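Content type compact mmCIF, C-alpha atoms, from the file my_file36.txt:
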# COMPACT_ATOMS: atom_id res chain seq x y z
CA MET A 23 -84.07 326.21 -58.70
CA ARG A 24 -84.31 326.99 -55.01
CA LEU A 25 -87.74 326.69 -53.53
CA PRO A 26 -89.05 329.29 -51.09
CA LEU A 27 -88.76 328.40 -47.38
CA ALA A 28 -91.87 326.86 -45.80
CA THR A 29 -93.61 328.66 -42.96
CA PRO A 30 -93.35 327.24 -39.40
CA THR A 31 -96.96 326.07 -39.54
CA ALA A 32 -96.34 324.18 -42.78
CA ARG A 33 -93.20 322.55 -41.37
CA ARG A 34 -95.12 321.28 -38.29
CA ALA A 35 -97.84 319.79 -40.49
CA LEU A 36 -95.21 318.04 -42.63
CA ARG A 37 -93.49 316.50 -39.56
CA LEU A 38 -96.86 315.27 -38.18
CA ALA A 39 -97.72 313.58 -41.48
CA LEU A 40 -94.32 311.86 -41.65
CA GLY A 41 -94.67 310.62 -38.03
CA LEU A 42 -98.08 309.10 -38.63
CA ALA A 43 -96.81 307.32 -41.72
CA LEU A 44 -93.89 305.85 -39.76
CA VAL A 45 -96.17 304.57 -36.97
CA ALA A 46 -98.40 302.85 -39.53
CA VAL A 47 -95.43 301.08 -41.12
CA VAL A 48 -94.00 299.87 -37.79
CA GLY A 49 -97.43 298.73 -36.50
CA ALA A 50 -98.05 296.69 -39.61
CA GLY A 51 -94.83 294.78 -39.02
CA THR A 52 -95.58 293.87 -35.40
CA MET A 53 -99.37 293.20 -35.40
CA PRO A 54 -100.05 289.55 -34.32
CA THR A 55 -101.77 287.31 -36.82
CA PRO A 56 -104.63 284.91 -35.93
CA ALA A 57 -103.35 281.72 -34.22
CA THR A 58 -103.37 278.57 -36.30
CA ALA A 59 -101.31 276.25 -34.07
CA ALA A 60 -102.82 273.80 -31.53
CA PRO A 61 -103.68 275.42 -28.19
CA THR A 62 -101.04 275.34 -25.49
CA THR A 63 -101.05 272.37 -23.09
CA THR A 64 -99.63 274.23 -20.12
CA GLY A 65 -102.83 275.86 -18.87
CA PRO A 66 -105.48 274.28 -16.63
CA ALA A 67 -107.99 274.06 -19.48
CA ALA A 68 -105.70 271.67 -21.33
CA HIS A 69 -105.60 269.07 -18.54
CA ALA A 70 -107.06 265.64 -19.34
CA ALA A 71 -110.67 265.05 -18.27
CA PRO A 72 -110.91 263.31 -14.91
CA ALA A 73 -111.28 259.52 -14.97
CA PRO A 74 -114.86 258.33 -14.44
CA ARG A 75 -115.92 257.33 -10.93
CA PRO A 76 -115.72 253.58 -10.26
CA ALA A 77 -119.51 253.32 -10.28
CA ASP A 78 -119.63 254.77 -13.80
CA GLN A 79 -117.07 252.45 -15.31
CA ALA A 80 -118.33 249.61 -17.49
CA LYS A 81 -117.74 246.19 -15.95
CA PRO A 82 -118.18 242.82 -17.68
CA ALA A 83 -121.08 240.65 -16.58
CA SER A 84 -120.38 237.27 -15.09
CA ALA A 85 -120.76 234.37 -17.50
CA ASP A 86 -122.97 232.66 -14.92
CA GLN A 87 -125.48 235.43 -14.76
CA ALA A 88 -128.73 235.54 -16.60
CA LYS A 89 -128.99 238.44 -19.04
CA PRO A 90 -129.59 241.46 -16.81
CA ALA A 91 -132.65 243.63 -17.14
CA SER A 92 -130.60 246.69 -16.14
CA ALA A 93 -126.96 247.76 -15.96
CA ASP A 94 -127.01 247.22 -12.18
CA GLN A 95 -127.79 243.52 -12.57
CA ALA A 96 -124.43 242.80 -14.20
CA GLU A 97 -122.62 243.49 -10.92
CA PRO A 98 -122.22 241.72 -7.58
CA ALA A 99 -125.00 242.50 -5.14
CA SER A 100 -122.81 242.06 -2.07
CA VAL A 101 -119.03 241.94 -1.92
CA GLY A 102 -118.11 240.99 1.63
CA GLY A 103 -119.34 238.50 4.17
CA PRO A 104 -122.23 238.98 6.60
CA ALA A 105 -122.69 242.52 7.90
CA ILE A 106 -121.19 243.16 11.33
CA SER A 107 -122.53 246.64 12.15
CA ALA A 108 -125.68 248.67 11.71
CA LYS A 109 -126.79 252.22 11.00
CA ALA A 110 -129.72 253.93 12.65
CA SER A 111 -132.90 252.04 11.76
CA ARG A 112 -135.05 253.39 8.93
CA VAL A 113 -137.47 250.49 8.67
CA GLY A 114 -141.10 251.49 8.54
CA VAL A 115 -142.93 248.17 8.91
CA ASN A 116 -144.03 246.25 11.97
CA ALA A 117 -142.46 242.84 11.31
CA VAL A 118 -138.89 242.26 12.46
CA GLY A 119 -136.11 239.78 11.78
CA ILE A 120 -136.73 236.87 9.45
CA ASP A 121 -140.47 237.61 9.29
CA LEU A 122 -139.65 241.09 8.04
CA CYS A 123 -137.55 239.59 5.25
CA ALA A 124 -140.34 237.20 4.30
CA GLN A 125 -142.91 240.00 4.25
CA VAL A 126 -140.96 242.46 2.11
CA ALA A 127 -139.60 239.73 -0.18
CA TYR A 128 -143.13 238.57 -0.89
CA ALA A 129 -144.27 242.15 -1.50
CA ALA A 130 -141.35 242.63 -3.90
CA GLY A 131 -142.59 239.72 -6.03
CA PHE A 132 -140.68 236.63 -4.85
CA ARG A 133 -142.79 233.45 -4.83
CA ASN A 134 -142.43 229.77 -3.97
CA ASN A 135 -138.85 228.43 -3.86
CA PRO A 136 -137.22 231.74 -4.83
CA LEU A 137 -139.07 233.34 -1.90
CA VAL A 138 -137.50 230.89 0.55
CA THR A 139 -134.08 231.39 -1.03
CA ALA A 140 -134.47 235.17 -0.84
CA VAL A 141 -135.21 235.03 2.88
CA ALA A 142 -132.32 232.63 3.54
CA VAL A 143 -129.90 234.85 1.61
CA ALA A 144 -131.03 237.93 3.56
CA MET A 145 -130.52 236.08 6.85
CA ALA A 146 -127.02 235.06 5.80
CA GLU A 147 -126.18 238.55 4.55
CA SER A 148 -127.63 240.78 7.30
CA SER A 149 -129.45 238.63 9.88
CA CYS A 150 -132.50 240.41 8.42
CA ASN A 151 -131.48 243.72 9.98
CA PRO A 152 -132.52 246.55 7.60
CA SER A 153 -129.83 248.82 9.04
CA ALA A 154 -126.96 246.37 8.58
CA VAL A 155 -123.85 247.67 6.83
CA GLY A 156 -120.64 245.91 5.82
CA SER A 157 -117.44 247.71 4.80
CA ASN A 158 -115.24 246.33 2.01
CA GLY A 159 -111.72 247.12 0.90
CA PRO A 160 -110.74 247.87 -2.71
CA THR A 161 -112.12 245.51 -5.34
CA ALA A 162 -112.10 245.44 -9.13
CA GLY A 163 -113.93 248.54 -10.29
CA CYS A 164 -114.13 249.96 -6.75
CA PRO A 165 -110.57 251.04 -5.86
CA ASN A 166 -111.75 253.16 -2.94
CA GLY A 167 -113.66 250.36 -1.24
CA SER A 168 -117.42 250.06 -0.88
CA LEU A 169 -120.32 249.37 1.47
CA ASP A 170 -122.86 246.52 1.48
CA ARG A 171 -126.16 247.90 2.79
CA GLY A 172 -129.44 246.77 4.26
CA LEU A 173 -131.32 243.46 4.25
CA TRP A 174 -129.80 242.04 1.07
CA GLN A 175 -126.55 244.02 1.46
CA ILE A 176 -126.83 245.90 -1.83
CA ASN A 177 -123.38 247.28 -2.67
CA ASN A 178 -123.14 251.05 -3.10
CA CYS A 179 -120.35 250.97 -5.69
CA TYR A 180 -121.65 248.28 -8.03
CA HIS A 181 -125.25 249.44 -7.63
CA PRO A 182 -125.08 253.25 -7.31
CA THR A 183 -128.69 253.67 -8.45
CA VAL A 184 -129.77 252.12 -5.14
CA ASN A 185 -129.12 255.11 -2.91
CA ASP A 186 -128.71 254.95 0.86
CA THR A 187 -132.31 255.93 1.56
CA CYS A 188 -133.49 252.98 -0.50
CA ALA A 189 -130.82 250.56 0.69
CA TYR A 190 -131.66 251.07 4.37
CA THR A 191 -135.43 250.91 3.80
CA ALA A 192 -136.65 247.32 4.02
CA GLN A 193 -139.11 247.28 1.13
CA CYS A 194 -136.95 249.29 -1.25
CA ASN A 195 -134.00 247.00 -0.54
CA ALA A 196 -136.18 243.95 -1.26
CA ASN A 197 -137.34 245.50 -4.52
CA ALA A 198 -133.71 246.04 -5.54
CA ALA A 199 -132.87 242.43 -4.66
CA TYR A 200 -135.78 241.22 -6.80
CA SER A 201 -134.47 243.21 -9.76
CA ILE A 202 -130.82 242.21 -9.33
CA SER A 203 -131.72 238.51 -8.94
CA SER A 204 -133.90 238.60 -12.08
CA GLY A 205 -136.99 237.78 -10.06
CA GLY A 206 -135.25 235.18 -7.92
CA SER A 207 -133.77 233.15 -10.79
CA ASN A 208 -130.14 234.22 -10.33
CA TRP A 209 -128.48 234.44 -6.91
CA GLN A 210 -124.88 234.41 -8.14
CA PRO A 211 -124.38 238.12 -7.31
CA TRP A 212 -124.60 237.31 -3.56
CA SER A 213 -121.45 236.13 -1.81
CA THR A 214 -123.32 234.13 0.85
CA TYR A 215 -125.15 232.20 -1.86
CA ASN A 216 -121.91 231.39 -3.66
CA ASN A 217 -120.18 230.16 -0.50
CA GLY A 218 -123.25 228.21 0.67
CA ALA A 219 -123.75 230.16 3.91
CA TYR A 220 -127.40 230.82 3.06
CA ALA A 221 -128.21 227.08 3.17
CA GLY A 222 -127.98 227.08 6.94
CA TYR A 223 -131.05 229.32 7.07
CA LEU A 224 -133.28 227.44 4.63
CA SER A 225 -135.37 225.67 7.28
CA ALA A 226 -135.99 228.90 9.20
CA ALA A 227 -136.75 230.71 5.94
CA GLN A 228 -139.30 228.10 4.93
CA ALA A 229 -141.00 228.44 8.31
CA ALA A 230 -141.11 232.23 7.94
CA VAL A 231 -142.69 231.91 4.51
CA ALA A 232 -145.28 229.51 5.90
CA ARG A 233 -146.16 232.09 8.58
CA LEU A 234 -147.09 234.59 5.90
CA GLY A 235 -150.42 232.80 5.45
CA GLY A 236 -151.28 232.82 1.78
CA GLY A 237 -147.68 233.56 0.86
CA ASP A 238 -147.56 230.68 -1.58
CA PRO A 239 -145.23 228.43 0.44
CA PRO A 240 -142.98 226.37 -1.82
CA THR A 241 -144.25 223.20 -3.36
CA GLY A 242 -142.24 220.26 -4.61
CA VAL A 243 -142.20 216.58 -5.36
CA THR A 244 -141.16 213.47 -3.47
CA GLY A 245 -138.23 211.15 -3.95
CA THR A 246 -136.99 207.89 -2.45
CA ILE A 247 -133.53 207.60 -0.90
CA LEU A 248 -131.43 204.86 -2.53
CA ALA A 249 -128.28 205.12 -0.39
CA ASN A 250 -127.84 202.24 2.06
CA PRO A 251 -127.90 202.41 5.04
CA SER A 252 -128.36 206.20 5.07
CA LEU A 253 -127.53 209.44 3.30
CA ASN A 254 -126.11 212.61 4.85
CA ILE A 255 -128.08 215.82 4.40
CA ARG A 256 -125.59 218.63 3.72
CA THR A 257 -125.90 222.38 4.30
CA GLY A 258 -124.75 223.00 0.75
CA PRO A 259 -124.39 221.16 -2.57
CA GLY A 260 -121.20 219.26 -1.82
CA THR A 261 -119.51 216.86 0.57
CA THR A 262 -117.34 219.64 2.00
CA TYR A 263 -120.40 221.32 3.53
CA GLY A 264 -121.54 220.56 7.05
CA ILE A 265 -123.92 217.72 7.88
CA ALA A 266 -127.38 218.96 8.88
CA GLY A 267 -128.78 215.47 9.46
CA SER A 268 -129.29 212.16 7.69
CA VAL A 269 -132.04 210.11 6.10
CA GLY A 270 -132.30 206.34 5.85
CA TYR A 271 -132.52 204.02 2.87
CA GLY A 272 -136.01 203.79 1.37
CA ALA A 273 -137.26 206.96 3.11
CA THR A 274 -139.50 209.36 1.21
CA VAL A 275 -138.33 212.96 1.19
CA ASN A 276 -139.80 216.21 -0.16
CA ILE A 277 -137.77 217.87 -2.93
CA SER A 278 -138.31 221.62 -3.20
CA CYS A 279 -135.70 222.53 -5.82
CA TYR A 280 -132.37 221.51 -7.37
CA THR A 281 -129.00 223.16 -7.91
CA PHE A 282 -125.55 222.26 -9.23
CA GLY A 283 -122.58 221.51 -7.03
CA GLU A 284 -119.92 218.87 -6.48
CA TYR A 285 -119.79 216.11 -9.09
CA VAL A 286 -120.62 212.75 -7.51
CA SER A 287 -119.32 209.76 -9.46
CA GLY A 288 -121.03 207.11 -7.32
CA GLY A 289 -124.70 206.32 -7.13
CA TYR A 290 -127.03 205.39 -9.93
CA TRP A 291 -126.60 208.27 -12.40
CA PRO A 292 -123.41 210.23 -11.60
CA SER A 293 -123.88 213.99 -11.96
CA SER A 294 -123.34 217.37 -10.30
CA THR A 295 -127.06 217.82 -9.56
CA TRP A 296 -128.04 218.23 -5.90
CA ASP A 297 -131.58 218.24 -4.55
CA ARG A 298 -132.77 220.42 -1.69
CA ILE A 299 -134.86 218.09 0.39
CA THR A 300 -136.78 218.00 3.65
CA ASN A 301 -136.88 214.85 5.72
CA PRO A 302 -140.52 214.68 6.91
CA ALA A 303 -139.53 212.47 9.84
CA THR A 304 -137.13 215.01 11.36
CA GLY A 305 -137.95 218.31 9.62
CA VAL A 306 -134.29 218.69 8.59
CA THR A 307 -133.78 220.56 5.32
CA GLY A 308 -130.62 220.53 3.23
CA TYR A 309 -128.94 219.09 0.16
CA VAL A 310 -128.36 215.53 -1.03
CA ALA A 311 -126.74 214.32 -4.25
CA ASP A 312 -129.47 213.63 -6.80
CA THR A 313 -127.68 210.44 -7.81
CA TRP A 314 -128.94 208.86 -4.55
CA VAL A 315 -132.57 209.97 -4.95
CA ASN A 316 -135.12 208.16 -7.08
CA THR A 317 -137.77 210.33 -8.73
CA THR A 318 -140.36 209.58 -11.40
CA TYR A 319 -138.67 211.86 -13.92
CA ASP A 320 -135.50 213.93 -14.11
CA VAL A 321 -135.71 216.21 -11.10
CA LYS A 322 -134.81 219.21 -13.28
CA THR A 323 -138.10 218.80 -15.13
CA MET A 324 -140.12 218.54 -11.93
CA VAL A 325 -138.95 221.39 -9.70
CA GLY A 326 -137.26 224.74 -10.20
CA ARG A 327 -133.66 225.65 -9.57
CA CYS A 328 -132.81 226.84 -6.05
Encoded form using C-alpha cells:
Amino acid sequence: MRLPLATPTARRALRLALGLALVAVVGAGTMPTPATAAPTTTGPAAHAAPAPRPADQAKPASADQAKPASADQAEPASVGGPAISAKASRVGVNAVGIDLCAQVAYAAGFRNNPLVTAVAVAMAESSCNPSAVGSNGPTAGCPNGSLDRGLWQINNCYHPTVNDTCAYTAQCNANAAYSISSGGSNWQPWSTYNNGAYAGYLSAAQAAVARLGGGDPPTGVTGTILANPSLNIRTGPGTTYGIAGSVGYGATVNISCYTFGEYVSGGYWPSSTWDRITNPATGVTGYVADTWVNTTYDVKTMVGRC
C-alpha cells in the first residue's frame, strides 16, 4: 500500500535525525582510547637526569685514613703543592704568618704534637697566608679541576661544605682542618705531609707554638744515640730526605713523636719507625731512624704519632 507523502517539515526533521546518527557512528570509530604504552622518549621530559656534580659523587676513603667523622673527612684536604697565589685577604685577627697559624690552630682544638704538626703543614701548604689559593687540573672525582684554599688549602671539590667564605677565613679554615684531620691524628689528606715537605717547618712551628704562652707546647721523652760516630737528622722519615743536621754517638736527644717511613735493616732493632727528635746542643729538629735511638721502652708507647 502506498503511504501518503510526508510534508516538507517532516522530511527536514527526518534528514536531521539521520545526519546526527551518522555523526555518532563515525565519531565512535575515531575517538582515541586512553594511552597504555610507555611514554615517548623523544621529548625533553624523557631525557636522562643529569649526572651528579663531582662534589656529590661518592668517593672511597683511603685505607690509611682513620674512620672519618663526616663525609668530608674521607677526601683529600689539598690536592696540589704549595699555593702560589692569593685572593684578597679576609683574615680578621691580628697575628700574621706562622703565629697566625699557631693561634687559630690552638683555638680550633689542636694540642701538643698535633699542634706543631698542624702549624708545619699550614706553612708548607700556604706559607700561613689565609688568602692563598692553588689551582689544580682534573683529578679523580673532580673532572673540571679544583681549588685548594686558605691556610690549610682545603679543596673546594672534595670538601664542598667548606665554602669560600669559610676557607679564606683563618679560624674557620683551621676548624675545618681540625675536623678533616680527626683532631690532628690523621694528616694523610694533605699532600705536603705525604711528600714530607712539612718537616722543613717543624722547628719554626715548634717555636711559634712556644710563643703562644700557655699553648701546651709539645712534651716528649729522651733517647740516646747509638750510631757511631754520628747520625744524620733528616727532614723526613727516610734516607732520601735532606739532611737537617747530625748528632753524635752517646748524645741525648728529645723525642717529641714517632712516625713510619723507610725500613732500616741496620741498627739494633730493624724497623720502619722514625723518631722526630731535637738535638738540644744545636736546636736542630728532624727525623732519625728509631733503630739507632735507645729509649727505656718502645717509643710508640711513650710518645704520640706525628
For atom CA of A:Tyr180 and atom CA of A:Pro98, determine how far apart the two atoms are, in Å to one decimal place.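 According to the coordinates, atom CA of A:Tyr180 and atom CA of A:Pro98 are separated by 6.6 Å.
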Tell me, in Å to one decimal, how far atom CA of A:Phe282 is from atom CA of A:Ala130.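 These two atoms are separated by 26.3 Å.
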Excluding stretch 223-231 of chain A and any residue of its chain fewer than 4 positions from it, enumerate the residues within 6 Å of it, using only C-alpha atoms, and give them as an MDAnalysis selection string. chainID A and resid 121 124 138 141:142 239 307
Please determine, counting all atoms listed in the file, which residue among A:Thr295, A:Asn316, A:Thr214, A:Asn158 has the shortest atom-to-atom distance to A:Thr139.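 Nearest to A:Thr139: A:Thr214.
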One decimal, Å: what's the distance from atom CA of A:Tyr220 over to atom CA of A:Pro259, could you say? 11.6 Å
Given all atoms listed in the file as the counted atoms, nearest of A:Val155, A:Ala311, A:Val269, A:Val306 to A:Thr281: A:Ala311
Could you build a table of the residues in stretch 195-275 of chain A lying no more than 12 Å from stretch 162-171 of chain A, giving for each the nearest pair of atoms and their separation in Å rounded to one decimal place, using all atoms listed in the file, ordered by chain and ascending residue number, as a tab-separated table?
residue	atom	partner	partner_atom	distance
A:Asn195	CA	A:Arg171	CA	8.6
A:Ala196	CA	A:Arg171	CA	11.5
A:Ala198	CA	A:Arg171	CA	11.4
A:Ala199	CA	A:Arg171	CA	11.4
A:Trp212	CA	A:Asp170	CA	10.6
A:Ser213	CA	A:Asp170	CA	11.0
Distance query stretch 273-278 of chain A at most 12 Å, all atoms listed in the file, self and fewer than 2 positions along chain excluded, as a ChimeraX atom specification: /A:134-139,224-225,228,239-253,255,268-271,280-281,296-312,314-317,321-322,324-328
Would you please work out which residue, of A:Pro152, A:Gly272, A:Thr313, A:Ile265, is nearest to A:Gly289 when using only C-alpha atoms? A:Thr313
A:Asn178 proximity check over A:Ser157, A:Tyr128, A:Cys123, A:Ser204, using all atoms listed in the file: winner is A:Ser157
Point out the residue among A:Ser153, A:Thr161, A:Gln210, A:Thr261 with the least atom-to-atom distance to A:Cys188, counting only C-alpha atoms.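 Nearest to A:Cys188: A:Ser153.
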